[in-house]
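Raw structure_37.cif, mmCIF, C-alpha atoms:
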```cif
data_work
loop_
_atom_site.label_atom_id
_atom_site.label_comp_id
_atom_site.auth_asym_id
_atom_site.auth_seq_id
_atom_site.Cartn_x
_atom_site.Cartn_y
_atom_site.Cartn_z
CA MET A 1026 87.57 -0.93 130.76
CA ALA A 1027 85.62 -2.57 133.57
CA GLU A 1028 82.49 -0.79 134.67
CA THR A 1029 82.99 1.21 137.87
CA THR A 1030 81.07 -0.11 140.84
CA HIS A 1031 79.40 2.45 143.04
CA TYR A 1032 76.64 2.73 145.56
CA GLY A 1033 73.86 5.28 145.74
CA PRO A 1034 71.79 7.07 143.12
CA SER A 1035 73.41 8.15 139.86
CA SER A 1036 72.24 10.73 137.34
CA SER A 1037 74.02 8.96 134.44
CA SER A 1038 71.04 6.81 133.40
CA LEU A 1039 68.69 9.80 133.61
CA GLU A 1040 71.07 11.79 131.43
CA ARG A 1041 71.14 9.01 128.82
CA ASP A 1042 67.34 8.78 128.83
CA ALA A 1043 67.05 12.53 128.37
CA ARG A 1044 69.45 12.42 125.43
CA ARG A 1045 67.40 9.71 123.75
CA ILE A 1046 64.21 11.74 124.23
CA HIS A 1047 65.81 14.80 122.63
CA ASP A 1048 67.77 12.85 120.04
CA ASP A 1049 65.94 14.54 117.15
CA LYS A 1050 66.42 18.05 118.53
CA PRO A 1051 70.02 19.11 117.94
CA VAL A 1052 71.17 22.05 120.03
CA SER A 1053 72.64 25.04 118.22
CA PRO A 1054 76.00 26.63 119.10
CA GLY A 1055 74.01 29.73 120.07
CA SER A 1056 72.04 27.79 122.69
CA ILE A 1057 75.25 26.27 124.03
CA ALA A 1058 76.80 29.74 124.21
CA ILE A 1059 73.90 31.14 126.24
CA GLY A 1060 74.08 28.27 128.72
CA VAL A 1061 77.85 28.62 129.05
CA VAL A 1062 77.68 32.39 129.66
CA ILE A 1063 74.93 31.97 132.29
CA GLY A 1064 76.98 29.31 134.05
CA ARG A 1065 80.18 31.35 134.08
CA MET A 1066 78.34 34.51 135.10
CA SER A 1067 76.90 32.79 138.17
CA GLU A 1068 80.33 31.60 139.28
CA PHE A 1069 81.95 35.00 138.89
CA PHE A 1070 79.00 36.75 140.52
CA ASP A 1071 79.48 34.63 143.66
CA PHE A 1072 83.20 35.32 143.72
CA PHE A 1073 82.91 39.04 143.04
CA VAL A 1074 80.18 39.53 145.64
CA TYR A 1075 82.63 38.10 148.14
CA GLY A 1076 85.55 40.10 146.72
CA LEU A 1077 83.70 43.41 146.95
CA ALA A 1078 82.61 42.63 150.51
CA SER A 1079 86.26 41.91 151.33
CA VAL A 1080 86.87 45.62 150.84
CA LEU A 1081 83.59 47.24 151.81
CA VAL A 1082 82.36 45.08 154.71
CA PHE A 1083 84.64 42.50 156.28
CA PRO A 1084 87.44 44.81 157.52
CA GLN A 1085 84.89 46.60 159.75
CA LEU A 1086 82.52 43.70 160.47
CA ILE A 1087 84.90 40.77 160.96
CA PHE A 1088 88.18 42.51 161.83
CA PRO A 1089 87.22 45.57 163.91
CA PHE A 1090 90.09 44.74 166.29
CA ALA A 1091 92.71 45.44 163.60
CA PRO A 1092 94.92 48.43 164.49
CA ASP A 1093 93.94 50.24 161.27
CA ARG A 1094 91.76 49.84 158.19
CA LEU A 1095 94.73 48.71 156.05
CA THR A 1096 95.52 45.81 158.37
CA GLY A 1097 91.84 44.79 158.46
CA THR A 1098 91.73 44.79 154.67
CA LEU A 1099 94.87 42.67 154.48
CA TYR A 1100 93.31 40.17 156.90
CA SER A 1101 90.21 40.14 154.71
CA PHE A 1102 92.27 39.55 151.55
CA ALA A 1103 94.04 36.66 153.27
CA ILE A 1104 90.71 34.89 153.72
CA PHE A 1105 89.80 35.87 150.15
CA SER A 1106 92.72 33.71 148.98
CA LEU A 1107 91.48 30.56 150.73
CA ALA A 1108 89.01 29.74 147.95
CA PHE A 1109 91.79 29.38 145.42
CA LEU A 1110 93.57 26.90 147.69
CA ALA A 1111 90.39 24.85 148.04
CA ARG A 1112 89.51 24.84 144.35
CA PRO A 1113 92.01 22.12 143.21
CA VAL A 1114 90.87 19.93 146.10
CA GLY A 1115 87.28 20.40 144.99
CA SER A 1116 88.20 19.39 141.46
CA VAL A 1117 89.74 16.13 142.64
CA VAL A 1118 86.74 15.23 144.83
CA PHE A 1119 84.11 16.22 142.31
CA MET A 1120 85.85 14.40 139.45
CA THR A 1121 85.38 11.25 141.52
CA ILE A 1122 81.70 12.09 142.05
CA ASP A 1123 81.43 12.66 138.29
CA ARG A 1124 82.83 9.21 137.47
CA LEU A 1125 80.72 7.43 140.07
CA TYR A 1126 77.42 9.28 139.98
CA GLY A 1127 77.26 11.28 136.76
CA ARG A 1128 77.76 14.85 135.58
CA GLY A 1129 74.28 15.95 136.63
CA THR A 1130 74.78 14.82 140.22
CA LYS A 1131 78.15 16.51 140.35
CA LEU A 1132 76.85 19.85 139.07
CA THR A 1133 73.80 19.80 141.33
CA ILE A 1134 75.90 19.23 144.46
CA ALA A 1135 78.56 21.75 143.40
CA LEU A 1136 76.20 24.59 142.53
CA PHE A 1137 74.03 24.13 145.59
CA LEU A 1138 77.20 24.15 147.70
CA LEU A 1139 78.47 27.24 145.88
CA GLY A 1140 75.18 29.10 146.23
CA GLY A 1141 74.68 27.86 149.78
CA SER A 1142 78.16 28.93 150.89
CA THR A 1143 77.66 32.37 149.39
CA ALA A 1144 74.14 32.84 150.78
CA SER A 1145 75.25 31.66 154.23
CA ILE A 1146 77.61 34.62 154.45
CA ALA A 1147 74.51 36.86 154.38
CA PHE A 1148 73.60 35.56 157.86
CA LEU A 1149 77.10 35.96 159.30
CA PRO A 1150 77.23 37.82 162.64
CA GLY A 1151 80.13 40.21 163.16
CA TYR A 1152 83.13 39.89 165.46
CA ASN A 1153 81.44 42.06 168.06
CA GLU A 1154 78.59 39.53 168.32
CA ILE A 1155 80.34 36.14 168.32
CA GLY A 1156 84.02 36.94 168.48
CA VAL A 1157 86.56 34.74 166.71
CA TRP A 1158 83.81 32.43 165.46
CA SER A 1159 82.88 35.06 162.88
CA ILE A 1160 86.37 34.72 161.39
CA ALA A 1161 86.19 30.93 161.46
CA LEU A 1162 82.77 30.88 159.79
CA LEU A 1163 83.83 33.35 157.12
CA ALA A 1164 86.88 31.22 156.35
CA LEU A 1165 84.71 28.07 156.24
CA PHE A 1166 82.22 29.63 153.82
CA ARG A 1167 85.04 30.95 151.64
CA LEU A 1168 86.61 27.49 151.52
CA GLY A 1169 83.17 26.16 150.60
CA GLN A 1170 82.99 28.59 147.68
CA GLY A 1171 86.36 27.47 146.35
CA PHE A 1172 85.70 23.79 146.92
CA ALA A 1173 82.37 24.04 145.10
CA LEU A 1174 83.86 25.98 142.21
CA GLY A 1175 86.20 23.07 141.63
CA GLY A 1176 83.11 20.94 141.03
CA ALA A 1177 81.39 23.50 138.83
CA TRP A 1178 83.70 22.70 135.90
CA ASP A 1179 81.14 21.26 133.49
CA GLY A 1180 82.91 20.80 130.17
CA LEU A 1181 80.42 23.07 128.41
CA ALA A 1182 83.15 25.41 127.19
CA SER A 1183 84.80 22.40 125.54
CA LEU A 1184 81.43 21.38 124.11
CA LEU A 1185 81.15 24.83 122.59
CA ALA A 1186 84.70 24.77 121.23
CA LEU A 1187 84.39 21.28 119.76
CA ASN A 1188 81.18 22.30 117.98
CA ALA A 1189 82.75 25.49 116.63
CA PRO A 1190 83.73 25.94 112.96
CA ALA A 1191 87.46 25.39 112.46
CA LYS A 1192 88.13 28.97 111.40
CA HIS A 1193 86.23 30.49 114.31
CA ARG A 1194 87.75 28.73 117.33
CA GLY A 1195 88.96 32.02 118.78
CA TRP A 1196 85.48 33.50 118.54
CA TYR A 1197 83.88 30.58 120.35
CA ALA A 1198 86.70 30.40 122.92
CA MET A 1199 85.96 33.95 124.07
CA ILE A 1200 82.24 33.35 124.70
CA PRO A 1201 82.59 31.66 128.14
CA GLN A 1202 84.87 34.51 129.25
CA LEU A 1203 82.03 37.01 128.90
CA GLY A 1204 80.64 35.62 132.16
CA ALA A 1205 83.40 37.34 134.16
CA PRO A 1206 82.69 41.01 133.34
CA ILE A 1207 78.93 40.38 133.35
CA GLY A 1208 79.14 38.81 136.82
CA PHE A 1209 81.37 41.63 138.05
CA ALA A 1210 79.08 44.32 136.64
CA LEU A 1211 76.05 42.75 138.28
CA ALA A 1212 77.78 42.39 141.65
CA SER A 1213 79.16 45.95 141.48
CA THR A 1214 75.78 47.37 140.52
CA LEU A 1215 74.07 45.74 143.48
CA PHE A 1216 76.73 46.80 145.96
CA GLY A 1217 77.01 50.26 144.44
CA TYR A 1218 73.27 50.83 144.78
CA PHE A 1219 73.28 50.06 148.49
CA VAL A 1220 76.49 51.99 149.14
CA ALA A 1221 75.10 55.07 147.42
CA ASN A 1222 71.62 54.97 148.97
CA LEU A 1223 72.16 53.80 152.53
CA SER A 1224 73.93 55.29 155.47
CA SER A 1225 77.18 53.63 156.51
CA GLU A 1226 75.43 52.16 159.55
CA ASP A 1227 72.55 50.66 157.55
CA PHE A 1228 74.89 49.32 154.89
CA LEU A 1229 77.10 47.55 157.42
CA SER A 1230 74.06 46.32 159.36
CA TRP A 1231 71.95 44.82 156.57
CA GLY A 1232 72.47 46.40 153.14
CA TRP A 1233 75.57 44.39 152.22
CA ARG A 1234 73.76 41.12 152.85
CA TYR A 1235 71.29 41.43 149.96
CA PRO A 1236 73.75 40.58 147.13
CA PHE A 1237 74.67 37.38 148.96
CA PHE A 1238 70.98 36.37 149.04
CA VAL A 1239 70.71 36.99 145.30
CA ALA A 1240 73.63 34.64 144.64
CA PHE A 1241 71.65 31.53 145.59
CA ALA A 1242 68.83 32.34 143.14
CA ILE A 1243 71.31 33.00 140.34
CA ASN A 1244 72.99 29.64 140.98
CA VAL A 1245 69.66 27.80 140.72
CA VAL A 1246 69.00 29.41 137.33
CA ALA A 1247 72.55 28.55 136.22
CA LEU A 1248 72.13 24.95 137.36
CA PHE A 1249 69.08 24.40 135.15
CA ALA A 1250 70.81 26.09 132.20
CA ARG A 1251 73.77 23.73 132.59
CA LEU A 1252 71.75 20.58 133.12
CA ARG A 1253 69.79 21.32 129.96
CA LEU A 1254 73.01 21.20 127.94
CA VAL A 1255 74.38 18.16 129.76
CA MET A 1256 71.28 16.29 128.62
CA THR A 1257 71.85 17.05 124.92
CA LYS A 1258 72.84 14.53 122.28
CA GLU A 1259 75.95 16.59 121.44
CA PHE A 1260 77.22 16.41 125.02
CA GLY A 1261 76.50 12.68 125.18
CA THR A 1262 78.35 12.01 121.94
CA LEU A 1263 81.48 13.77 123.17
CA LEU A 1264 81.17 11.95 126.48
CA GLU A 1265 81.04 8.60 124.68
CA GLN A 1266 84.07 9.63 122.62
CA HIS A 1267 85.92 10.36 125.90
CA GLU A 1268 86.27 14.05 124.98
CA LEU A 1269 84.44 15.15 128.14
CA GLU A 1270 85.17 12.16 130.33
CA ALA A 1271 86.35 12.68 133.92
CA ALA A 1272 89.68 10.89 134.31
CA PRO A 1273 91.46 10.12 137.61
CA ILE A 1274 93.73 13.04 138.44
CA LEU A 1275 96.77 10.80 139.06
CA ASP A 1276 96.45 9.37 135.56
CA VAL A 1277 96.26 12.84 134.10
CA LEU A 1278 99.30 14.01 136.06
CA ARG A 1279 101.26 10.95 134.95
CA VAL A 1280 100.52 11.50 131.25
CA HIS A 1281 100.21 15.29 131.08
CA GLY A 1282 101.99 16.62 134.16
CA ARG A 1283 104.30 18.79 132.09
CA ASP A 1284 101.40 20.16 130.05
CA ILE A 1285 99.52 21.06 133.22
CA LEU A 1286 102.53 22.95 134.55
CA ILE A 1287 103.09 24.87 131.32
CA GLY A 1288 99.37 25.48 130.87
CA ALA A 1289 99.09 26.97 134.35
CA PHE A 1290 101.62 29.67 133.44
CA VAL A 1291 100.32 30.51 129.94
CA PRO A 1292 97.39 32.68 131.17
CA LEU A 1293 99.33 34.10 134.13
CA ALA A 1294 99.56 37.67 132.76
CA SER A 1295 95.80 37.78 132.30
CA PHE A 1296 94.97 36.15 135.63
CA ALA A 1297 97.45 38.34 137.52
CA MET A 1298 95.75 41.40 136.07
CA PHE A 1299 92.27 40.05 136.77
CA HIS A 1300 92.03 41.14 140.40
CA LEU A 1301 94.34 44.11 139.93
CA VAL A 1302 91.64 45.94 137.93
CA THR A 1303 88.67 44.71 139.98
CA ILE A 1304 89.30 44.14 143.71
CA PHE A 1305 92.64 45.90 144.29
CA PRO A 1306 91.67 49.38 142.95
CA LEU A 1307 88.52 49.36 145.07
CA GLY A 1308 90.62 48.53 148.10
CA TRP A 1309 93.13 51.27 147.30
CA MET A 1310 90.37 53.83 146.73
CA SER A 1311 88.62 52.95 149.99
CA LEU A 1312 91.88 53.37 151.91
CA TYR A 1313 93.62 56.27 150.19
CA GLY A 1314 91.23 57.87 147.71
CA ASN A 1315 88.73 60.67 148.18
CA GLN A 1316 86.22 59.70 145.51
CA PRO A 1317 82.84 58.44 146.82
CA ILE A 1318 82.84 54.64 146.73
CA GLY A 1319 79.44 54.56 145.02
CA THR A 1320 80.74 56.78 142.22
CA PHE A 1321 83.89 54.70 141.80
CA MET A 1322 81.83 51.51 141.55
CA VAL A 1323 79.96 53.08 138.63
CA VAL A 1324 83.35 53.56 136.99
CA GLN A 1325 84.10 49.90 137.58
CA VAL A 1326 80.85 48.91 135.89
CA VAL A 1327 81.86 51.07 132.90
CA GLY A 1328 85.20 49.28 132.92
CA ALA A 1329 83.40 45.92 132.86
CA MET A 1330 81.45 47.06 129.79
CA VAL A 1331 84.73 47.96 128.09
CA GLY A 1332 86.01 44.50 129.07
CA ILE A 1333 83.03 42.87 127.36
CA ILE A 1334 83.82 44.76 124.15
CA THR A 1335 87.49 43.79 124.16
CA ILE A 1336 86.74 40.16 125.01
CA ILE A 1337 84.57 40.05 121.89
CA ALA A 1338 87.36 41.74 119.93
CA SER A 1339 89.81 39.11 121.18
CA GLY A 1340 87.82 36.41 119.40
CA LEU A 1341 87.99 38.25 116.09
CA ILE A 1342 91.70 38.96 116.47
CA ALA A 1343 92.59 35.40 117.51
CA ASP A 1344 90.85 33.99 114.44
CA ARG A 1345 93.04 36.20 112.27
CA ILE A 1346 96.46 35.89 113.90
CA GLY A 1347 96.14 32.77 116.06
CA ARG A 1348 95.59 32.33 119.80
CA ARG A 1349 99.27 31.97 120.67
CA ALA A 1350 100.19 35.21 118.93
CA GLN A 1351 97.20 36.93 120.53
CA LEU A 1352 98.29 35.90 124.03
CA ALA A 1353 101.92 36.87 123.38
CA ILE A 1354 100.99 40.34 122.10
CA CYS A 1355 98.65 40.88 125.04
CA ALA A 1356 101.37 39.82 127.48
CA VAL A 1357 103.60 42.52 125.99
CA ILE A 1358 100.77 45.06 126.31
CA ILE A 1359 100.26 44.04 129.95
CA ALA A 1360 104.01 44.45 130.52
CA VAL A 1361 103.79 48.00 129.15
CA PHE A 1362 100.71 48.66 131.29
CA SER A 1363 102.65 47.49 134.36
CA PHE A 1364 104.82 50.61 134.01
CA VAL A 1365 101.96 52.98 133.19
CA GLY A 1366 99.31 51.69 135.60
CA PRO A 1367 100.92 52.70 138.93
CA SER A 1368 101.37 56.27 137.66
CA LEU A 1369 97.68 56.42 136.78
CA ILE A 1370 96.62 55.29 140.26
CA ALA A 1371 98.91 57.85 141.86
CA SER A 1372 97.58 60.76 139.76
CA GLY A 1373 94.26 61.24 141.55
CA ASN A 1374 90.66 60.28 140.90
CA SER A 1375 90.75 60.72 137.13
CA GLY A 1376 93.91 58.64 136.88
CA HIS A 1377 92.44 55.99 139.15
CA ASP A 1378 89.36 55.83 136.94
CA ALA A 1379 91.54 55.61 133.83
CA PHE A 1380 93.50 52.75 135.40
CA VAL A 1381 90.28 50.75 135.79
CA ILE A 1382 88.83 51.48 132.35
CA ILE A 1383 92.06 51.02 130.40
CA GLY A 1384 92.96 48.03 132.54
CA PHE A 1385 89.66 46.33 131.78
CA GLY A 1386 90.23 46.96 128.08
CA VAL A 1387 93.66 45.33 128.17
CA LEU A 1388 92.38 42.52 130.40
CA GLY A 1389 89.56 41.69 127.98
CA LEU A 1390 91.92 41.28 125.02
CA SER A 1391 94.02 38.80 126.99
CA PHE A 1392 91.39 37.12 129.15
CA GLY A 1393 89.18 36.43 126.15
CA GLN A 1394 91.63 33.77 124.93
CA ALA A 1395 93.35 32.80 128.20
CA THR A 1396 91.23 29.79 129.13
CA GLY A 1397 90.98 28.51 125.58
CA SER A 1398 94.73 28.01 125.56
CA ILE A 1399 94.68 25.63 128.51
CA SER A 1400 93.22 22.48 126.93
CA SER A 1401 95.00 22.55 123.57
CA ARG A 1402 97.72 20.02 124.45
CA PHE A 1403 95.60 17.42 126.26
CA GLY A 1404 94.74 14.17 124.53
CA ARG A 1405 91.28 12.67 124.30
CA GLY A 1406 90.21 11.21 127.61
CA TYR A 1407 92.43 13.60 129.55
CA ARG A 1408 91.19 16.95 128.22
CA TYR A 1409 88.28 17.48 130.61
CA THR A 1410 90.13 16.74 133.85
CA GLY A 1411 93.42 18.18 132.62
CA ALA A 1412 91.87 21.48 131.62
CA ALA A 1413 90.01 21.74 134.93
CA PHE A 1414 93.09 21.10 137.06
CA THR A 1415 95.27 23.39 134.93
CA SER A 1416 92.71 26.17 135.28
CA ASP A 1417 92.67 25.67 139.06
CA LEU A 1418 96.45 26.03 139.29
CA ALA A 1419 96.48 29.05 136.97
CA TRP A 1420 93.91 30.87 139.10
CA LEU A 1421 95.78 29.92 142.29
CA ILE A 1422 99.17 31.12 141.05
CA GLY A 1423 98.00 34.10 139.04
CA ALA A 1424 94.99 35.53 140.83
CA GLY A 1425 94.45 33.95 144.22
CA PHE A 1426 96.87 36.11 146.18
CA ALA A 1427 96.92 39.13 143.85
CA PRO A 1428 94.87 41.54 146.03
CA LEU A 1429 96.79 40.57 149.17
CA VAL A 1430 100.23 40.81 147.54
CA ALA A 1431 99.45 44.00 145.59
CA LEU A 1432 98.04 45.86 148.60
CA SER A 1433 100.86 44.65 150.87
CA LEU A 1434 103.58 45.74 148.43
CA SER A 1435 101.98 49.05 147.46
CA SER A 1436 101.25 50.13 151.04
CA ARG A 1437 104.76 49.30 152.19
CA PHE A 1438 106.98 50.04 149.18
CA GLY A 1439 104.84 52.13 146.84
CA LEU A 1440 102.58 51.59 143.84
CA THR A 1441 105.55 50.84 141.59
CA PHE A 1442 105.70 47.38 143.12
CA VAL A 1443 102.19 46.65 141.85
CA GLY A 1444 103.65 47.17 138.39
CA TYR A 1445 106.51 44.80 139.16
CA TYR A 1446 104.02 42.16 140.29
CA LEU A 1447 102.05 42.54 137.05
CA LEU A 1448 105.25 42.50 135.00
CA SER A 1449 106.24 39.17 136.53
CA GLY A 1450 102.97 37.68 135.28
CA ALA A 1451 103.62 38.95 131.76
CA ILE A 1452 107.13 37.49 131.78
CA CYS A 1453 105.77 34.12 132.97
CA THR A 1454 103.21 34.07 130.15
CA LEU A 1455 105.81 34.85 127.48
CA ALA A 1456 108.19 32.23 128.89
CA ALA A 1457 105.44 29.58 129.02
CA LEU A 1458 104.39 30.32 125.43
CA ALA A 1459 107.99 30.07 124.23
CA PHE A 1460 108.59 26.85 126.15
CA SER A 1461 105.34 25.33 124.84
CA ARG A 1462 106.29 26.19 121.26
CA ALA A 1463 109.76 24.69 121.72
CA LEU A 1464 108.23 21.46 123.00
CA GLU A 1465 105.85 21.26 120.07
CA GLN A 1466 108.70 21.73 117.59
CA ARG A 1467 110.75 19.05 119.35
CA GLU A 1468 107.81 16.63 119.28
#
```

Let me see the structure of the file written as structure tokens.
Amino acid sequence: MAETTHYGPSSSSLERDARRIHDDKPVSPGSIAIGVVIGRMSEFFDFFVYGLASVLVFPQLIFPFAPDRLTGTLYSFAIFSLAFLARPVGSVVFMTIDRLYGRGTKLTIALFLLGGSTASIAFLPGYNEIGVWSIALLALFRLGQGFALGGAWDGLASLLALNAPAKHRGWYAMIPQLGAPIGFALASTLFGYFVANLSSEDFLSWGWRYPFFVAFAINVVALFARLRLVMTKEFGTLLEQHELEAAPILDVLRVHGRDILIGAFVPLASFAMFHLVTIFPLGWMSLYGNQPIGTFMVVQVVGAMVGIITIIASGLIADRIGRRAQLAICAVIIAVFSFVGPSLIASGNSGHDAFVIIGFGVLGLSFGQATGSISSRFGRGYRYTGAAFTSDLAWLIGAGFAPLVALSLSSRFGLTFVGYYLLSGAICTLAALAFSRALEQRE
């Protein structure tokens, strides 16, 4: 293959030099795991800070002209979805940056853009100050978050999986997923503290902005944790073997288009449930519940702790029964929960709390293995880009519009339709798993 010509500084030579310097210092799977969890936690923290503000802040600050609080929240959730539309575009652009200028350059740009977009929201004036420009700026920053997240795909989860013992792939596949509940718990704790200790006026004036400031610092820490692993001999070896190489997206679609489509639907049950136990219940409680928001956010943090436990359990279970069986069983459990969950929400504060805690438990069992299933069918040289683009589509289809759709359906037709929405995700996962198995048997 001819060497790619490019202009401008590249981090590739610096990465190779760093690997030679540390050639005699192999990195342990434990060190890789810590770096991966920190990286994922920073991403989810940014997204959950925004998601929580979509319920607690933006309906009043950005959409005060809405005829009622429900409509303002729906407007806010519509902008929430923009990041998931921008994420695949970000992946395509940043894969090109990766090929031309190196993984280090790509990650540095992506994480500074992610942290910068999130921190910029902290300075956002409200609609009453600058009018429609507040909506435009919020949408721009949200698109920036999604675009940057497409570039934050670093291949470190694959590095961890490819260095894992053969009989413990499920255990190592669940480790990156721990970043989601940790990021959510941290974001909820920060918001919950300010909600509980400030007046409504102070919170809407300045209190909500603090978590967005924190996001930039967390992204800087995550950047250094990631770059440290990118500079390791293990990462370089897999890069040279084309295991973590960024391939042109059109080439990947030509060779693995069918695998991308199937892979996007495999984790759909888990991804559909993801925002239905995090953002949606907070929105429903703020609109129709009578429990103090600060108290309910403590419940959500407890739910996140339960999610951490069940994510860990998913790794142990998957190593015993296999990842495909694990995902299929969890899809069935989610289908059952789709009938039970709406009744819990409708039964008052205790039921609402139970919905969150039980939901997180079920989510952890499924989510712990959801991403690990994405890259299993991609060949060497296509795995890195294929897994990234498949993940983008899965999040877009499964989670991107979940708060908007769930709140729209439940407010108009009743909570039962939230269950139908979740059930459709479970059916899609089971169908994708069956179709994938049929293809493997045919091949």

Given all atoms listed in the file, how would the per-residue table for segment 1058-1103 of chain A near segment 1221-1245 of chain A read, listing every residue at most 12 Å away with its closest atom pair and distance in Å to one decimal, sorted by chain and number, as CSV?
```
residue,atom,partner,partner_atom,distance
A:Ile1063,CA,A:Ile1243,CA,8.9
A:Gly1064,CA,A:Asn1244,CA,8.0
A:Arg1065,CA,A:Asn1244,CA,10.1
A:Met1066,CA,A:Ile1243,CA,8.9
A:Ser1067,CA,A:Asn1244,CA,5.8
A:Glu1068,CA,A:Asn1244,CA,7.8
A:Phe1069,CA,A:Ala1240,CA,10.1
A:Phe1070,CA,A:Ala1240,CA,7.1
A:Asp1071,CA,A:Ala1240,CA,5.9
A:Phe1072,CA,A:Ala1240,CA,9.6
A:Phe1073,CA,A:Pro1236,CA,10.1
A:Val1074,CA,A:Pro1236,CA,6.7
A:Tyr1075,CA,A:Phe1237,CA,8.0
A:Gly1076,CA,A:Phe1237,CA,11.4
A:Leu1077,CA,A:Trp1233,CA,9.7
A:Ala1078,CA,A:Trp1233,CA,7.5
A:Ser1079,CA,A:Trp1233,CA,11.0
A:Val1080,CA,A:Trp1233,CA,11.5
A:Leu1081,CA,A:Trp1233,CA,8.5
A:Val1082,CA,A:Leu1229,CA,6.4
A:Phe1083,CA,A:Leu1229,CA,9.1
A:Pro1084,CA,A:Leu1229,CA,10.7
A:Gln1085,CA,A:Leu1229,CA,8.2
A:Leu1086,CA,A:Leu1229,CA,7.3
A:Ile1087,CA,A:Leu1229,CA,10.9
```

Q. What does the distance between atom CA of Ile1304 of chain A and atom CA of Phe1385 of chain A come to in Å, to one decimal place?
A.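 Straight-line distance from atom CA of Ile1304 of chain A to atom CA of Phe1385 of chain A works out to 12.1 Å.
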
Q: List the residues selected by the PyMOL selection byres ((chain A and resi 1439-1446) around 9) in the file shown, writing them as a VMD selection string.
A: chain A and resid 1297 1301 1360 1362 to 1368 1370 to 1371 1427 1430 to 1432 1434 to 1438 1447 to 1450

What would the file look like if the residues just selected were written as an mmCIF file, keeping the file's coordinate frame with C-alpha atoms?
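The result, written out as out.cif:
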```
data_model
loop_
_atom_site.group_PDB
_atom_site.id
_atom_site.type_symbol
_atom_site.label_atom_id
_atom_site.label_comp_id
_atom_site.auth_asym_id
_atom_site.auth_seq_id
_atom_site.Cartn_x
_atom_site.Cartn_y
_atom_site.Cartn_z
ATOM 1 C CA ALA A 1297 97.450 38.340 137.520
ATOM 2 C CA LEU A 1301 94.340 44.110 139.930
ATOM 3 C CA ALA A 1360 104.010 44.450 130.520
ATOM 4 C CA PHE A 1362 100.710 48.660 131.290
ATOM 5 C CA SER A 1363 102.650 47.490 134.360
ATOM 6 C CA PHE A 1364 104.820 50.610 134.010
ATOM 7 C CA VAL A 1365 101.960 52.980 133.190
ATOM 8 C CA GLY A 1366 99.310 51.690 135.600
ATOM 9 C CA PRO A 1367 100.920 52.700 138.930
ATOM 10 C CA SER A 1368 101.370 56.270 137.660
ATOM 11 C CA ILE A 1370 96.620 55.290 140.260
ATOM 12 C CA ALA A 1371 98.910 57.850 141.860
ATOM 13 C CA ALA A 1427 96.920 39.130 143.850
ATOM 14 C CA VAL A 1430 100.230 40.810 147.540
ATOM 15 C CA ALA A 1431 99.450 44.000 145.590
ATOM 16 C CA LEU A 1432 98.040 45.860 148.600
ATOM 17 C CA LEU A 1434 103.580 45.740 148.430
ATOM 18 C CA SER A 1435 101.980 49.050 147.460
ATOM 19 C CA SER A 1436 101.250 50.130 151.040
ATOM 20 C CA ARG A 1437 104.760 49.300 152.190
ATOM 21 C CA PHE A 1438 106.980 50.040 149.180
ATOM 22 C CA LEU A 1447 102.050 42.540 137.050
ATOM 23 C CA LEU A 1448 105.250 42.500 135.000
ATOM 24 C CA SER A 1449 106.240 39.170 136.530
ATOM 25 C CA GLY A 1450 102.970 37.680 135.280
#
```

Q | Neighbour list for Ala1419 of chain A as JSON, numbers by chain, cut-off 7 Å, all atoms listed in the file, skip fewer than 5 positions in-chain | A | {"A": [1289, 1290, 1292, 1293]}

Q: Quote the spacing between atom CA of Leu1388 of chain A and atom CA of Gly1332 of chain A in Å to one decimal place.
A: 6.8 Å

Q.
I'd like to know which of A:Phe1296, A:Tyr1313, A:Trp1158, A:Tyr1407 is closest to Leu1278 of chain A, using all atoms listed in the file.
A.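 The answer is A:Tyr1407, which sits nearest to Leu1278 of chain A.
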
Q: With the file shown as input, list the residues that the PyMOL selection byres ((chain A and resi 1105) around 8) selects, as a PyMOL selection string.
A: chain A and resi 1075-1076+1079+1101-1104+1106-1108+1167+1425

(Q) Quick check on the file I pasted: which residues fall under the PyMOL selection byres ((chain A and resi 1109-1121) around 10)? Write them as an MDAnalysis selection string. (A) chainID A and resid 1105:1108 1122:1128 1130:1132 1134:1135 1167:1178 1270:1275 1409:1410 1413:1422 1424:1426

Q) Can you tell me how far atom CA of Gly1217 of chain A sits from atom CA of Leu1307 of chain A, in Å to one decimal? A) 11.6 Å
